[in-house]
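Asker: Quick one: the structure is below, questions incoming.
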Amino acid sequence: MAKIYLLNNQKFDGVINLEVFKVKSTKYDIDCSKYDALVFTSKNAIYSLEENSIDWRSIPSYVIAEKTAKVAKDYNANIAFIGTNGHGNEFAKELVPLLKNKKVLYVKALKTVSNLVGILKDNDIELDEIVSYKTVCNDFLEKVELEKNSTIIFTSPSSVECFFNNFKWNKSFKAVLIGKTTEKFLPKEVDDYVISKTTDVTECVNIAKRSFS
């Protein structure tokens with residue numbers, strides 16, 4: 001049976017983890033009580049607030065998708081809205097009518113690929129940003145030989161960058177992508193792939209098992 005490699009540390013039966021990148025929380029202090037709303041597009045931003053001992057849970061939280069919402073719920077956050085699409089630009093459009101006349105803090109990554117900030121500001125949303133974490137390639141990744149006909153699951157643009165820092169693409173490989181944004185970062189030699197309709201790692205794994213195993 002062909003091997004399935006997932007480029008993060010989430011565990012699934014029959015799937016091999018390749019942690020090609022690491023998430024590192026930044027150090028900061030911020031008074032969230034000055035804001036009427038917090039915007040999250042990743043669970044890593046929530047973990048970062050906790051690591052920095054920020055008092056944030058009572059502020060209404062607007063989260064991009066159910067996976068991020070689950071983490072917020074685990075911390076007893078005040079969830080005001082959960083996005084329905086899972087993509088940054090569409091999430092921003094959903095937020096526009098909800099955030100009118102509110103002072104908003106976007107708790108974000110160092111690198112972002114959507115135009116969420118631009119869309120909100122273009123619609124006169126009062127928005128501040130704080131960089132809460134960054135993604136860095138794992139320079140200490142153990143060198144492994146990827147078997148021919150393997151399926152690689154790319155879960156973000158960073159996973160694409162860091163994978164190709166460590167491995168060369170074989171024409172026999174297949175790929176599953178978590179979304180269209182990740183697709184934009186693929187090199188041209190990756191031409192056999194499926195894009196998940198939802199930004200859900202579990203669904204990506206299911207696609208890999210159904211389509212390529």
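A note on labels: chains of the structure tokens are A, B, ... as shown, every chain counts residues from 1, and ligands are counted from 1 in their shown order.
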Hey, what's within 7 Å of region 197-200 of chain A if we count only C-alpha atoms and toss same-chain stuff fewer than 2 positions away? As number ranges by chain, please?
Answerer: A: 86, 178-179, 195, 202-204
Asker: Just the residues within 10 Å of region 50-63 of chain A, please, counting only C-alpha atoms, with nothing from its chain fewer than 3 positions along; format it as a PDB file with C-alpha atoms, in the first residue's frame.
Answerer:
```pdb
ATOM      1  CA  SER A  25       4.916  31.731  19.800  1.00  0.00           C
ATOM      2  CA  THR A  26       6.236  35.298  20.029  1.00  0.00           C
ATOM      3  CA  LYS A  27       6.621  37.239  23.266  1.00  0.00           C
ATOM      4  CA  TYR A  28       4.271  40.182  23.829  1.00  0.00           C
ATOM      5  CA  ASP A  29       1.896  41.849  26.254  1.00  0.00           C
ATOM      6  CA  ILE A  30      -1.414  43.409  25.297  1.00  0.00           C
ATOM      7  CA  ASP A  31      -4.520  44.663  27.067  1.00  0.00           C
ATOM      8  CA  CYS A  32      -7.415  42.908  25.333  1.00  0.00           C
ATOM      9  CA  SER A  33      -9.967  44.796  27.406  1.00  0.00           C
ATOM     10  CA  LYS A  34      -9.476  47.756  25.034  1.00  0.00           C
ATOM     11  CA  TYR A  35     -11.146  45.753  22.265  1.00  0.00           C
ATOM     12  CA  ASP A  36     -14.711  44.797  21.448  1.00  0.00           C
ATOM     13  CA  ALA A  37     -13.716  41.777  19.363  1.00  0.00           C
ATOM     14  CA  LEU A  38     -10.846  39.375  18.767  1.00  0.00           C
ATOM     15  CA  VAL A  39     -10.328  37.742  15.364  1.00  0.00           C
ATOM     16  CA  PHE A  40      -8.631  34.355  15.008  1.00  0.00           C
ATOM     17  CA  THR A  41      -7.695  32.510  11.833  1.00  0.00           C
ATOM     18  CA  SER A  42      -5.626  29.839  13.593  1.00  0.00           C
ATOM     19  CA  LYS A  43      -5.624  27.848  16.810  1.00  0.00           C
ATOM     20  CA  ASN A  44      -1.933  28.759  17.171  1.00  0.00           C
ATOM     21  CA  ALA A  45      -2.917  32.341  17.944  1.00  0.00           C
ATOM     22  CA  ILE A  46      -5.039  31.088  20.834  1.00  0.00           C
ATOM     23  CA  TYR A  47      -2.214  28.947  22.177  1.00  0.00           C
ATOM     24  CA  GLU A  66     -14.872  24.848  13.737  1.00  0.00           C
ATOM     25  CA  LYS A  67     -11.374  23.500  14.416  1.00  0.00           C
ATOM     26  CA  THR A  68     -10.217  26.833  15.772  1.00  0.00           C
ATOM     27  CA  ALA A  69     -13.501  27.245  17.622  1.00  0.00           C
ATOM     28  CA  LYS A  70     -12.959  23.918  19.395  1.00  0.00           C
ATOM     29  CA  ALA A  72     -11.274  28.413  21.866  1.00  0.00           C
ATOM     30  CA  LYS A  73     -14.080  26.482  23.560  1.00  0.00           C
ATOM     31  CA  TYR A  75     -10.323  27.618  27.019  1.00  0.00           C
ATOM     32  CA  ASN A  76     -13.901  28.757  27.766  1.00  0.00           C
ATOM     33  CA  ALA A  77     -13.678  31.628  25.313  1.00  0.00           C
ATOM     34  CA  ASN A  78     -16.585  33.951  24.569  1.00  0.00           C
ATOM     35  CA  ILE A  79     -17.285  32.846  20.993  1.00  0.00           C
ATOM     36  CA  ALA A  80     -19.363  35.342  19.056  1.00  0.00           C
ATOM     37  CA  PHE A  81     -19.072  33.890  15.543  1.00  0.00           C
ATOM     38  CA  ILE A  82     -17.667  30.876  13.690  1.00  0.00           C
ATOM     39  CA  GLY A  83     -16.900  31.263   9.988  1.00  0.00           C
ATOM     40  CA  THR A  84     -18.610  28.951   7.528  1.00  0.00           C
ATOM     41  CA  GLY A  86     -12.595  28.310   6.348  1.00  0.00           C
ATOM     42  CA  PHE A  91     -14.123  34.914   6.461  1.00  0.00           C
ATOM     43  CA  LEU A  95     -16.996  39.642   9.428  1.00  0.00           C
ATOM     44  CA  LEU A  98     -20.550  41.879  12.302  1.00  0.00           C
ATOM     45  CA  LEU A  99     -17.650  44.160  13.223  1.00  0.00           C
ATOM     46  CA  VAL A 104     -11.041  44.847  16.707  1.00  0.00           C
ATOM     47  CA  LEU A 105      -7.778  43.005  17.405  1.00  0.00           C
ATOM     48  CA  TYR A 106      -6.572  40.451  14.869  1.00  0.00           C
ATOM     49  CA  SER A 132       1.388  36.143  18.013  1.00  0.00           C
TER      50      SER A 132
END
```
Asker: Taking the DSSP secondary structure from the backbone, can you list the residues of region 7-189 of chain A that are alpha helix (DSSP H), as a count of residues only?
Answerer: 47
Asker: Just checking: using only C-alpha atoms, which residue out of A:Thr182, A:Asn149, A:Asn138, A:Asn85 ends up closest to Asn165 (chain A)?
Answerer: A:Asn138
Asker: Between A:Gly118, A:Thr181, A:Ser196, A:Glu189, which has the minimum distance to His87 (chain A) (counting only C-alpha atoms)?
Answerer: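 Of A:Gly118, A:Thr181, A:Ser196, A:Glu189, the one nearest His87 (chain A), counting only C-alpha atoms, is A:Thr181.
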Asker: Figure out the distance between CA of Ser211 (chain A) and CA of Ser158 (chain A), please, to one decimal in Å.
Answerer: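 Answer for the CA of Ser158 (chain A) to CA of Ser211 (chain A) separation: 24.0 Å.
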Asker: Which residue is closest to Val176 (chain A)? Choose from A:Ile119, A:Val160, A:Leu146, A:Ala208 and count only C-alpha atoms.
Answerer: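 Using only C-alpha atoms, Val176 (chain A) sits closest to A:Ala208.
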Asker: What is the CA of Cys162 (chain A)-CA of Pro187 (chain A) distance in Å, reported with one decimal?
Answerer: 12.4 Å
Asker: What is the distance, in Å and to one decimal place, between CA of Asn101 (chain A) and CA of Asn115 (chain A)?
Answerer: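 Distance between the two atoms: 20.4 Å.
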Asker: Under the rule that only C-alpha atoms are counted, which of A:Val113, A:Val23, A:Ile4, A:Ala65 is the nearest residue to Asn89 (chain A)?
Answerer: A:Val113
Asker: Point out the residue among A:Asp128, A:Ser156, A:Leu120, A:Lys11 with the least atom-to-atom distance to Lys103 (chain A), counting only C-alpha atoms.
Answerer: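 Ranking A:Asp128, A:Ser156, A:Leu120, A:Lys11 by distance to Lys103 (chain A), first place goes to A:Asp128.
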Asker: If you run DSSP on the backbone here, which positions in region 32-195 of chain A get strand (DSSP E)? Please write them as a ChimeraX atom specification.
Answerer: /A:37-40,61-63,79-82,103-109,126-137,151-154,174-177,193-195
Asker: Take the residues from that selection and put them in a file with C-alpha atoms, as a PDB file, in the first residue's frame.
Answerer:
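Saved to again.pdb:
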```pdb
ATOM      1  CA  ALA A  37     -13.716  41.777  19.363  1.00  0.00           C
ATOM      2  CA  LEU A  38     -10.846  39.375  18.767  1.00  0.00           C
ATOM      3  CA  VAL A  39     -10.328  37.742  15.364  1.00  0.00           C
ATOM      4  CA  PHE A  40      -8.631  34.355  15.008  1.00  0.00           C
ATOM      5  CA  SER A  61     -14.053  35.962  19.680  1.00  0.00           C
ATOM      6  CA  TYR A  62     -14.649  35.657  15.947  1.00  0.00           C
ATOM      7  CA  VAL A  63     -13.012  32.464  14.673  1.00  0.00           C
ATOM      8  CA  ILE A  79     -17.285  32.846  20.993  1.00  0.00           C
ATOM      9  CA  ALA A  80     -19.363  35.342  19.056  1.00  0.00           C
ATOM     10  CA  PHE A  81     -19.072  33.890  15.543  1.00  0.00           C
ATOM     11  CA  ILE A  82     -17.667  30.876  13.690  1.00  0.00           C
ATOM     12  CA  LYS A 103     -12.657  48.077  17.878  1.00  0.00           C
ATOM     13  CA  VAL A 104     -11.041  44.847  16.707  1.00  0.00           C
ATOM     14  CA  LEU A 105      -7.778  43.005  17.405  1.00  0.00           C
ATOM     15  CA  TYR A 106      -6.572  40.451  14.869  1.00  0.00           C
ATOM     16  CA  VAL A 107      -4.292  37.930  16.597  1.00  0.00           C
ATOM     17  CA  LYS A 108      -2.250  36.702  13.650  1.00  0.00           C
ATOM     18  CA  ALA A 109       0.793  34.905  12.315  1.00  0.00           C
ATOM     19  CA  GLU A 126     -11.185  49.765  13.204  1.00  0.00           C
ATOM     20  CA  LEU A 127      -8.522  47.065  13.294  1.00  0.00           C
ATOM     21  CA  ASP A 128      -5.279  46.502  15.194  1.00  0.00           C
ATOM     22  CA  GLU A 129      -2.960  43.567  14.585  1.00  0.00           C
ATOM     23  CA  ILE A 130      -0.558  41.662  16.791  1.00  0.00           C
ATOM     24  CA  VAL A 131       1.893  39.017  15.590  1.00  0.00           C
ATOM     25  CA  SER A 132       1.388  36.143  18.013  1.00  0.00           C
ATOM     26  CA  TYR A 133       3.357  33.342  16.348  1.00  0.00           C
ATOM     27  CA  LYS A 134       5.571  32.481  13.426  1.00  0.00           C
ATOM     28  CA  THR A 135       6.170  29.364  11.372  1.00  0.00           C
ATOM     29  CA  VAL A 136       9.759  28.265  10.783  1.00  0.00           C
ATOM     30  CA  CYS A 137      11.128  25.346   8.796  1.00  0.00           C
ATOM     31  CA  THR A 151       0.844  10.762  -1.118  1.00  0.00           C
ATOM     32  CA  ILE A 152       1.933  14.028   0.511  1.00  0.00           C
ATOM     33  CA  ILE A 153      -0.634  16.121   2.409  1.00  0.00           C
ATOM     34  CA  PHE A 154       0.150  19.846   2.339  1.00  0.00           C
ATOM     35  CA  LYS A 174       0.504  12.429  -5.376  1.00  0.00           C
ATOM     36  CA  ALA A 175      -0.567  15.413  -3.291  1.00  0.00           C
ATOM     37  CA  VAL A 176      -3.579  16.485  -1.264  1.00  0.00           C
ATOM     38  CA  LEU A 177      -3.940  20.210  -0.543  1.00  0.00           C
ATOM     39  CA  TYR A 193      -3.150  16.579  -6.726  1.00  0.00           C
ATOM     40  CA  VAL A 194      -6.567  16.950  -5.148  1.00  0.00           C
ATOM     41  CA  ILE A 195      -7.766  20.030  -3.256  1.00  0.00           C
TER      42      ILE A 195
END
```
Asker: Would you mind listing what lies within 6 Å of Tyr5 (chain A) as number ranges by chain, with only C-alpha atoms counted and same-chain residues fewer than 3 positions away left out?
Answerer: A: 15-17, 152
Asker: Given the choices A:Asn166, A:Thr112, A:Ser48, A:Asn123, which gets closest to Leu18 (chain A) if the distance is worked out from only C-alpha atoms?
Answerer: A:Asn166
